[in-house]
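A.B. asks: My structure is stored as work-v3.csv, with CSV, C-alpha atoms.
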```csv
chain,number,residue,atom,x,y,z
A,1299,MET,CA,-9.6,0.5,21.4
A,1300,PHE,CA,-9.1,2.4,18.2
A,1301,SER,CA,-9.0,-0.6,15.7
A,1302,HIS,CA,-12.6,-0.3,14.7
A,1303,ARG,CA,-12.2,3.3,13.7
A,1304,PHE,CA,-9.1,2.4,11.7
A,1305,PHE,CA,-10.9,-0.4,9.8
A,1306,CYS,CA,-13.8,2.0,9.1
A,1307,PHE,CA,-11.4,4.5,7.8
A,1308,ILE,CA,-9.7,2.0,5.5
A,1309,ALA,CA,-13.1,0.8,4.3
A,1310,LEU,CA,-14.0,4.3,3.4
A,1311,VAL,CA,-10.8,4.8,1.4
A,1312,LEU,CA,-11.4,1.6,-0.5
A,1313,PHE,CA,-15.0,2.5,-1.2
A,1314,LEU,CA,-14.0,5.9,-2.6
A,1315,SER,CA,-11.1,4.3,-4.6
A,1316,PHE,CA,-13.3,1.7,-6.3
A,1317,SER,CA,-16.1,4.3,-6.9
A,1318,ALA,CA,-13.8,6.8,-8.3
A,1319,TYR,CA,-11.8,4.3,-10.5
A,1320,ALA,CA,-15.0,3.6,-12.5
A,1321,GLU,CA,-15.5,7.4,-13.2
A,1322,LYS,CA,-11.8,8.4,-13.3
A,1323,LYS,CA,-12.2,11.1,-10.6
A,1324,PHE,CA,-9.9,9.7,-7.9
A,1325,ARG,CA,-6.5,11.0,-6.9
A,1326,VAL,CA,-4.3,9.2,-4.3
A,1327,GLN,CA,-1.2,10.8,-2.8
A,1328,LEU,CA,1.6,9.2,-0.8
A,1329,GLU,CA,3.9,11.6,1.1
A,1330,SER,CA,7.1,10.8,3.0
A,1331,GLY,CA,10.2,12.4,4.4
A,1332,ALA,CA,11.8,13.7,7.5
A,1333,VAL,CA,10.3,15.5,10.5
A,1334,TRP,CA,12.0,17.5,13.3
A,1335,GLN,CA,10.4,18.5,16.6
A,1336,GLN,CA,10.9,22.1,17.6
A,1337,LEU,CA,8.6,22.0,20.6
A,1338,ASN,CA,7.0,19.1,22.5
A,1339,ASP,CA,6.0,20.1,26.0
A,1340,VAL,CA,3.7,18.0,28.3
A,1341,LYS,CA,2.4,18.3,31.8
A,1342,ILE,CA,0.0,15.7,33.1
A,1343,ALA,CA,-1.9,16.5,35.3
A,1344,PRO,CA,-1.5,20.3,34.9
A,1345,ASN,CA,-2.0,21.0,38.6
A,1346,SER,CA,0.4,18.3,39.9
A,1347,GLY,CA,2.6,17.0,37.1
A,1348,SER,CA,6.0,18.2,36.0
A,1349,LEU,CA,6.6,20.1,32.8
A,1350,VAL,CA,8.7,17.9,30.5
A,1351,GLU,CA,10.2,19.4,27.4
A,1352,PHE,CA,11.0,16.3,25.5
A,1353,ASP,CA,11.8,18.0,22.2
A,1354,LYS,CA,15.1,18.7,24.0
A,1355,PHE,CA,15.8,14.9,24.3
A,1356,ASN,CA,16.2,14.5,20.5
A,1357,LYS,CA,15.2,17.1,17.8
A,1358,GLY,CA,15.3,14.5,15.1
A,1359,PRO,CA,15.0,13.8,12.2
A,1360,PHE,CA,12.4,11.1,12.4
A,1361,PHE,CA,10.6,9.3,9.6
A,1362,HIS,CA,7.1,10.2,8.6
A,1363,TYR,CA,4.5,9.3,5.9
A,1364,ARG,CA,0.9,10.1,5.1
A,1365,LEU,CA,-1.7,9.0,2.6
A,1366,GLU,CA,-4.4,11.2,1.1
A,1367,GLY,CA,-7.3,10.4,-1.2
A,1368,PHE,CA,-9.5,12.8,-3.2
A,1369,TYR,CA,-12.7,12.1,-4.9
A,1370,ASN,CA,-14.2,14.7,-7.3
A,1371,LEU,CA,-18.0,14.5,-7.1
A,1372,ASN,CA,-18.1,17.1,-10.0
A,1373,ARG,CA,-16.1,20.2,-11.0
A,1374,ARG,CA,-16.9,22.1,-7.9
A,1375,HIS,CA,-17.4,19.5,-5.1
A,1376,ALA,CA,-15.0,16.9,-3.8
A,1377,LEU,CA,-14.3,14.6,-0.8
A,1378,ARG,CA,-11.0,14.1,0.9
A,1379,VAL,CA,-9.6,11.5,3.3
A,1380,VAL,CA,-6.3,11.6,5.1
A,1381,TYR,CA,-4.3,9.0,7.1
A,1382,ALA,CA,-1.4,10.8,8.9
A,1383,PRO,CA,0.4,8.8,11.5
A,1384,LEU,CA,3.2,10.2,13.6
A,1385,SER,CA,5.2,8.4,16.3
A,1386,LEU,CA,8.7,8.9,17.9
A,1387,SER,CA,10.7,7.6,20.8
A,1388,VAL,CA,13.2,9.6,22.8
A,1389,SER,CA,15.3,8.9,25.9
A,1390,LYS,CA,17.4,11.0,28.3
A,1391,VAL,CA,18.7,11.2,31.8
A,1392,LEU,CA,17.1,14.4,33.1
A,1393,GLY,CA,19.1,15.0,36.3
A,1394,GLU,CA,15.9,15.8,38.2
A,1395,SER,CA,12.9,13.7,39.2
A,1396,VAL,CA,9.6,14.3,37.4
A,1397,ASN,CA,5.9,13.4,38.0
A,1398,PHE,CA,3.9,12.3,35.0
A,1399,ASN,CA,0.2,11.2,35.3
A,1400,GLY,CA,0.6,10.4,39.0
A,1401,THR,CA,3.8,8.4,38.7
A,1402,GLY,CA,7.2,9.6,39.9
A,1403,PHE,CA,10.4,9.0,37.8
A,1404,ASN,CA,13.9,9.4,39.3
A,1405,SER,CA,16.7,11.7,38.2
A,1406,ILE,CA,19.5,9.2,37.6
A,1407,ASP,CA,18.2,6.6,35.1
A,1408,PRO,CA,17.2,7.3,31.5
A,1409,LEU,CA,13.6,8.4,31.0
A,1410,ASN,CA,12.0,6.9,27.9
A,1411,ILE,CA,9.1,8.7,26.2
A,1412,ASP,CA,7.0,7.2,23.4
A,1413,TYR,CA,4.9,9.7,21.6
A,1414,LYS,CA,2.1,9.0,19.1
A,1415,PHE,CA,-0.2,11.4,17.3
A,1416,ASN,CA,-2.2,9.7,14.6
A,1417,SER,CA,-4.7,11.7,12.6
A,1418,TYR,CA,-7.6,10.4,10.6
A,1419,ARG,CA,-9.6,12.9,8.6
A,1420,VAL,CA,-12.6,13.1,6.3
A,1421,GLY,CA,-13.5,16.4,4.6
A,1422,TYR,CA,-15.7,18.1,2.1
A,1423,LEU,CA,-14.2,20.6,-0.4
A,1424,TYR,CA,-15.8,23.3,-2.6
A,1425,ARG,CA,-13.8,24.8,-5.5
A,1426,LEU,CA,-14.4,28.5,-5.0
A,1427,LEU,CA,-12.0,29.6,-7.8
A,1428,ASP,CA,-11.2,27.6,-10.9
A,1429,GLY,CA,-9.2,29.8,-13.2
A,1430,GLU,CA,-6.7,29.0,-16.0
A,1431,LYS,CA,-3.7,29.9,-13.8
A,1432,SER,CA,-5.0,29.4,-10.2
A,1433,SER,CA,-7.6,27.5,-8.2
A,1434,LEU,CA,-8.9,27.9,-4.6
A,1435,GLN,CA,-10.7,25.3,-2.5
A,1436,VAL,CA,-12.4,25.8,0.8
A,1437,GLY,CA,-13.9,23.1,3.0
A,1438,LEU,CA,-14.5,21.5,6.4
A,1439,THR,CA,-12.5,18.6,7.8
A,1440,ILE,CA,-13.5,16.2,10.6
A,1441,LYS,CA,-10.4,15.0,12.3
A,1442,VAL,CA,-10.2,12.0,14.6
A,1443,ARG,CA,-7.1,12.4,16.9
A,1444,ASP,CA,-5.5,9.2,18.3
A,1445,ALA,CA,-2.8,10.4,20.7
A,1446,LYS,CA,-0.6,8.7,23.3
A,1447,ILE,CA,2.3,9.8,25.5
A,1448,GLU,CA,4.0,7.1,27.5
A,1449,PHE,CA,6.8,7.5,30.1
A,1450,SER,CA,8.8,4.5,31.2
A,1451,GLN,CA,11.9,4.0,33.3
A,1452,ASN,CA,13.2,0.6,34.5
A,1453,SER,CA,10.0,-1.2,35.7
A,1454,LEU,CA,7.9,1.9,35.9
A,1455,ASN,CA,5.4,2.8,33.2
A,1456,SER,CA,2.7,5.4,32.9
A,1457,LYS,CA,0.8,6.5,29.8
A,1458,TYR,CA,-1.9,9.0,28.8
A,1459,ASP,CA,-4.2,8.1,25.9
A,1460,ASN,CA,-6.6,10.5,24.2
A,1461,VAL,CA,-9.0,9.9,21.3
A,1462,GLY,CA,-11.1,12.9,20.2
A,1463,VAL,CA,-12.9,14.5,17.3
A,1464,VAL,CA,-12.0,18.0,16.1
A,1465,PRO,CA,-13.6,20.1,13.3
A,1466,LEU,CA,-11.1,21.9,11.2
A,1467,LEU,CA,-11.4,24.5,8.4
A,1468,TYR,CA,-9.6,23.7,5.1
A,1469,LEU,CA,-8.0,25.9,2.4
A,1470,ALA,CA,-6.1,24.9,-0.6
A,1471,TYR,CA,-4.5,27.1,-3.3
A,1472,GLN,CA,-2.7,26.1,-6.5
A,1473,LEU,CA,-0.8,28.5,-8.9
A,1474,ARG,CA,0.1,27.0,-12.2
A,1475,LEU,CA,3.5,28.3,-13.4
A,1476,ASP,CA,3.4,26.6,-16.8
A,1477,SER,CA,2.1,23.4,-18.3
A,1478,LEU,CA,4.3,21.2,-16.0
A,1479,TRP,CA,5.1,23.2,-12.9
A,1480,SER,CA,2.8,24.5,-10.1
A,1481,VAL,CA,3.0,25.8,-6.5
A,1482,PHE,CA,0.5,24.1,-4.2
A,1483,SER,CA,-0.4,25.1,-0.6
A,1484,ASP,CA,-3.1,23.9,1.8
A,1485,VAL,CA,-3.9,24.1,5.5
A,1486,ASP,CA,-6.2,22.5,8.1
A,1487,PHE,CA,-6.7,24.7,11.1
A,1488,ALA,CA,-8.8,25.5,14.2
A,1489,ALA,CA,-8.4,27.5,17.3
A,1490,ALA,CA,-10.4,27.7,20.6
A,1491,PRO,CA,-9.7,28.8,24.2
A,1492,GLN,CA,-8.9,25.1,25.1
A,1493,GLY,CA,-6.4,24.6,22.3
A,1494,ARG,CA,-5.5,24.9,18.6
A,1495,ALA,CA,-4.3,22.9,15.6
A,1496,THR,CA,-2.6,23.8,12.4
A,1497,ASP,CA,-1.4,21.6,9.5
A,1498,PHE,CA,0.2,23.7,6.8
A,1499,THR,CA,2.2,22.7,3.7
A,1500,ILE,CA,3.6,24.4,0.6
A,1501,LYS,CA,5.1,22.5,-2.3
A,1502,LEU,CA,6.6,22.8,-5.7
A,1503,ARG,CA,4.9,20.2,-7.9
A,1504,ARG,CA,5.7,18.8,-11.4
A,1505,LYS,CA,3.4,17.0,-13.7
A,1506,LEU,CA,5.1,13.8,-14.9
A,1507,ASN,CA,2.4,12.6,-17.3
A,1508,ASP,CA,-1.4,12.6,-17.6
A,1509,ARG,CA,-1.7,10.4,-14.5
A,1510,PHE,CA,1.3,11.0,-12.2
A,1511,GLU,CA,2.6,14.1,-10.4
A,1512,ALA,CA,5.4,14.6,-7.9
A,1513,GLY,CA,6.0,17.3,-5.3
A,1514,LEU,CA,8.6,18.5,-2.8
A,1515,GLY,CA,8.3,21.1,-0.1
A,1516,TYR,CA,7.7,22.0,3.6
A,1517,ARG,CA,5.0,21.0,6.1
A,1518,THR,CA,4.5,22.3,9.6
A,1519,LEU,CA,2.2,20.8,12.3
A,1520,GLU,CA,1.5,22.8,15.4
A,1521,GLY,CA,-1.0,22.8,18.2
A,1522,GLY,CA,-2.0,21.4,21.6
A,1523,ALA,CA,-4.4,21.6,24.5
A,1524,ASP,CA,-4.5,23.3,27.9
A,1525,ASN,CA,-7.3,22.1,30.1
A,1526,ASP,CA,-7.9,20.5,33.6
A,1527,LYS,CA,-6.7,17.1,32.3
A,1528,VAL,CA,-3.7,17.8,30.1
A,1529,TYR,CA,-1.2,20.5,29.1
A,1530,SER,CA,0.5,19.5,25.9
A,1531,PHE,CA,1.8,21.6,23.0
A,1532,SER,CA,4.0,20.5,20.1
A,1533,TRP,CA,5.4,22.0,16.9
A,1534,PHE,CA,6.9,19.9,14.1
A,1535,HIS,CA,8.7,20.8,10.8
A,1536,TYR,CA,8.7,18.4,7.8
A,1537,VAL,CA,10.7,18.1,4.6
A,1538,ALA,CA,8.1,16.2,2.5
A,1539,ALA,CA,8.2,14.6,-0.9
A,1540,ASP,CA,5.1,13.1,-2.5
A,1541,LEU,CA,3.8,11.2,-5.5
A,1542,SER,CA,0.2,11.3,-6.7
A,1543,ALA,CA,-1.8,9.3,-9.2
A,1544,ARG,CA,-5.1,10.0,-10.9
A,1545,PHE,CA,-7.5,7.3,-11.9
```
Using the file provided, produce a representation of the structure as structure tokens.
C.D. replies:
Amino acid sequence: MFSHRFFCFIALVLFLSFSAYAEKKFRVQLESGAVWQQLNDVKIAPNSGSLVEFDKFNKGPFFHYRLEGFYNLNRRHALRVVYAPLSLSVSKVLGESVNFNGTGFNSIDPLNIDYKFNSYRVGYLYRLLDGEKSSLQVGLTIKVRDAKIEFSQNSLNSKYDNVGVVPLLYLAYQLRLDSLWSVFSDVDFAAAPQGRATDFTIKLRRKLNDRFEAGLGYRTLEGGADNDKVYSFSWFHYVAADLSARF
């Protein structure tokens, strides 16, 4: 169902990579680390389903990674692409029966939940401030959300898939401490009556040489939706390390 979007996304990344390689304006960044869930509540359907707080099944840590690419059109304007998958599986005997997406699950056998929240983003950035010590970028991100929650127990199985497009505002700030060290922070965010989304990070970064840079810091991902089809809110905390290269 989502494979064509994935291949289009990869094609875009490759196109930007090759274009930027020729002009040496491309930066690619790989991030990885551990993620914990502080909140993960779901109720489907909101008027008939059971509220399940499956962050209490297992807080983590779970493994995560993400890939980001940046292409500087010139000193002020840039493009950004992000591939940020997230998946986890938890299991627990609840001690009470639950209803999820029209299917009932008993109270005595382990309830297995597979959770997926993959994010594909394309954005435009404008450098509002470009000083000797600090820089500030603002922009707009178009996010494609590929989400799935699946409940299973013995031979029973029920899942809820959701693919949607969400516009986000983007801010990025960097403070240079000296010739090698800097503090970097950025955020994608949006809020509406039907739901909200925030992806915020702050990192300490070190320049390794003219091409490579490494970072270590904290990321948080929070948001959800409350409408006539789904009630779902989550909050994750990350310890994230990254390595970036410029071409």
A.B. asks: Do a neighbour search on range 1433-1448 of chain A at 7 Å with all atoms listed in the file, toss out local chain neighbours closer than 5 positions, and write the hits as a compact mmCIF listing (two decimals) with C-alpha atoms, in the coordinates of the input.
C.D. replies:
```txt
# COMPACT_ATOMS: atom_id res chain seq x y z
CA ILE A 1411 9.10 8.70 26.20
CA ASP A 1412 7.00 7.20 23.40
CA TYR A 1413 4.90 9.70 21.60
CA LYS A 1414 2.10 9.00 19.10
CA PHE A 1415 -0.20 11.40 17.30
CA ASN A 1416 -2.20 9.70 14.60
CA SER A 1417 -4.70 11.70 12.60
CA TYR A 1418 -7.60 10.40 10.60
CA ARG A 1419 -9.60 12.90 8.60
CA VAL A 1420 -12.60 13.10 6.30
CA GLY A 1421 -13.50 16.40 4.60
CA TYR A 1422 -15.70 18.10 2.10
CA LEU A 1423 -14.20 20.60 -0.40
CA TYR A 1424 -15.80 23.30 -2.60
CA ARG A 1425 -13.80 24.80 -5.50
CA LEU A 1426 -14.40 28.50 -5.00
CA LEU A 1427 -12.00 29.60 -7.80
CA ASP A 1428 -11.20 27.60 -10.90
CA SER A 1456 2.70 5.40 32.90
CA LYS A 1457 0.80 6.50 29.80
CA TYR A 1458 -1.90 9.00 28.80
CA ASP A 1459 -4.20 8.10 25.90
CA ASN A 1460 -6.60 10.50 24.20
CA VAL A 1461 -9.00 9.90 21.30
CA GLY A 1462 -11.10 12.90 20.20
CA VAL A 1463 -12.90 14.50 17.30
CA VAL A 1464 -12.00 18.00 16.10
CA PRO A 1465 -13.60 20.10 13.30
CA LEU A 1466 -11.10 21.90 11.20
CA LEU A 1467 -11.40 24.50 8.40
CA TYR A 1468 -9.60 23.70 5.10
CA LEU A 1469 -8.00 25.90 2.40
CA ALA A 1470 -6.10 24.90 -0.60
CA TYR A 1471 -4.50 27.10 -3.30
CA GLN A 1472 -2.70 26.10 -6.50
CA LEU A 1473 -0.80 28.50 -8.90
```
A.B. asks: How many Å lie between CA of Ala1332 in chain A and CA of Leu1386 in chain A, rounded to one decimal?
C.D. replies: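 These atoms are spaced 11.9 Å apart.
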A.B. asks: Would you kindly return, as a list in words, each protein, DNA or RNA residue with an atom no farther than 7 Å from any atom of range 1368-1374 of chain A, considering only C-alpha atoms and excluding same-chain residues fewer than 3 positions away?
C.D. replies: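 That gives Leu1314, Ala1318, Lys1323, Phe1324, Arg1325, Val1326, Leu1377, Arg1378, Val1379, Tyr1424 and Arg1425 of chain A.
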A.B. asks: Could you name the residues that touch range 1497-1505 of chain A at 10 Å or less, counting all atoms listed in the file, but leaving out those on the same chain fewer than 6 positions away, as a PyMOL selection string?
C.D. replies: chain A and resi 1466+1468-1488+1511-1521+1534-1542
A.B. asks: Which one is closest to Leu1506 in chain A: A:Ala1489, A:Ala1543, A:Val1380, A:Val1388? Count only C-alpha atoms.
C.D. replies: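 The answer is A:Ala1543, which sits nearest to Leu1506 in chain A.
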A.B. asks: Pick the closest to Asp1508 in chain A from A:Gly1331, A:Glu1430, A:Arg1544, A:Asp1526: which is it, counting all atoms listed in the file?
C.D. replies: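 Nearest candidate to Asp1508 in chain A out of A:Gly1331, A:Glu1430, A:Arg1544, A:Asp1526: A:Arg1544.
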A.B. asks: From the options A:Glu1366, A:Leu1337, A:Lys1431, A:Ser1330, which residue's atoms come nearest to Leu1384 in chain A, counting only C-alpha atoms?
C.D. replies: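 That would be A:Ser1330, the residue with the smallest distance to Leu1384 in chain A.
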A.B. asks: Between CA of Lys1390 in chain A and CA of Lys1357 in chain A, what is the distance in Å, rounded to a tenth?
C.D. replies: 12.3 Å
A.B. asks: With only C-alpha atoms as the counted atoms, please give the residues lying no more than 8 Å from Gly1358 in chain A, apart from itself and same-chain residues fewer than 3 positions off, as a compact mmCIF listing (two decimals) with C-alpha atoms, keeping the file's coordinate frame.
C.D. replies:
```txt
# COMPACT_ATOMS: atom_id res chain seq x y z
CA VAL A 1333 10.30 15.50 10.50
CA TRP A 1334 12.00 17.50 13.30
CA GLN A 1335 10.40 18.50 16.60
```
A.B. asks: Which residues, written as a list in words, have at least one atom at most 6 Å from range 1397-1407 of chain A, with all atoms listed in the file counted and residues fewer than 4 positions away on the same chain left out?
C.D. replies: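 Answer for this query is Ile1342, Ala1343, Gly1347, Ser1348, Val1391, Leu1392 and Gly1393 of chain A.
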A.B. asks: Start from the incomplete input, build N, CA and C atoms for range 1394-1411 of chain A, and deliver everything as an mmCIF file, in the coordinates of the input.
C.D. replies:
```
data_model
loop_
_atom_site.group_PDB
_atom_site.id
_atom_site.type_symbol
_atom_site.label_atom_id
_atom_site.label_comp_id
_atom_site.auth_asym_id
_atom_site.auth_seq_id
_atom_site.Cartn_x
_atom_site.Cartn_y
_atom_site.Cartn_z
ATOM 1 N N GLU A 1394 16.856 15.345 37.160
ATOM 2 C CA GLU A 1394 15.900 15.800 38.200
ATOM 3 C C GLU A 1394 14.673 14.835 38.078
ATOM 4 N N SER A 1395 14.033 14.632 39.200
ATOM 5 C CA SER A 1395 12.900 13.700 39.200
ATOM 6 C C SER A 1395 11.662 14.471 38.627
ATOM 7 N N VAL A 1396 10.766 13.684 38.024
ATOM 8 C CA VAL A 1396 9.600 14.300 37.400
ATOM 9 C C VAL A 1396 8.353 13.421 37.800
ATOM 10 N N ASN A 1397 7.206 14.051 37.756
ATOM 11 C CA ASN A 1397 5.900 13.400 38.000
ATOM 12 C C ASN A 1397 5.104 13.465 36.726
ATOM 13 N N PHE A 1398 4.678 12.303 36.232
ATOM 14 C CA PHE A 1398 3.900 12.300 35.000
ATOM 15 C C PHE A 1398 2.652 11.361 35.285
ATOM 16 N N ASN A 1399 1.467 11.937 35.172
ATOM 17 C CA ASN A 1399 0.200 11.200 35.300
ATOM 18 C C ASN A 1399 0.142 10.396 36.599
ATOM 19 N N GLY A 1400 0.650 11.015 37.671
ATOM 20 C CA GLY A 1400 0.600 10.400 39.000
ATOM 21 C C GLY A 1400 1.708 9.448 39.320
ATOM 22 N N THR A 1401 2.692 9.277 38.432
ATOM 23 C CA THR A 1401 3.800 8.400 38.700
ATOM 24 C C THR A 1401 5.113 9.180 38.728
ATOM 25 N N GLY A 1402 5.956 8.891 39.709
ATOM 26 C CA GLY A 1402 7.200 9.600 39.900
ATOM 27 C C GLY A 1402 8.358 8.831 39.198
ATOM 28 N N PHE A 1403 9.243 9.560 38.515
ATOM 29 C CA PHE A 1403 10.400 9.000 37.800
ATOM 30 C C PHE A 1403 11.660 9.652 38.364
ATOM 31 N N ASN A 1404 12.718 8.843 38.592
ATOM 32 C CA ASN A 1404 13.900 9.400 39.300
ATOM 33 C C ASN A 1404 14.793 10.184 38.327
ATOM 34 N N SER A 1405 15.834 10.765 38.901
ATOM 35 C CA SER A 1405 16.700 11.700 38.200
ATOM 36 C C SER A 1405 17.965 11.058 37.628
ATOM 37 N N ILE A 1406 18.211 9.774 37.934
ATOM 38 C CA ILE A 1406 19.500 9.200 37.600
ATOM 39 C C ILE A 1406 19.457 8.163 36.463
ATOM 40 N N ASP A 1407 18.295 7.591 36.180
ATOM 41 C CA ASP A 1407 18.200 6.600 35.100
ATOM 42 C C ASP A 1407 17.526 7.246 33.875
ATOM 43 N N PRO A 1408 17.810 6.698 32.685
ATOM 44 C CA PRO A 1408 17.200 7.300 31.500
ATOM 45 C C PRO A 1408 15.681 7.213 31.533
ATOM 46 N N LEU A 1409 15.063 8.309 31.153
ATOM 47 C CA LEU A 1409 13.600 8.400 31.000
ATOM 48 C C LEU A 1409 13.254 8.214 29.561
ATOM 49 N N ASN A 1410 12.437 7.205 29.268
ATOM 50 C CA ASN A 1410 12.000 6.900 27.900
ATOM 51 C C ASN A 1410 10.622 7.434 27.642
ATOM 52 N N ILE A 1411 10.447 8.125 26.536
ATOM 53 C CA ILE A 1411 9.100 8.700 26.200
ATOM 54 C C ILE A 1411 8.764 8.197 24.784
#
```
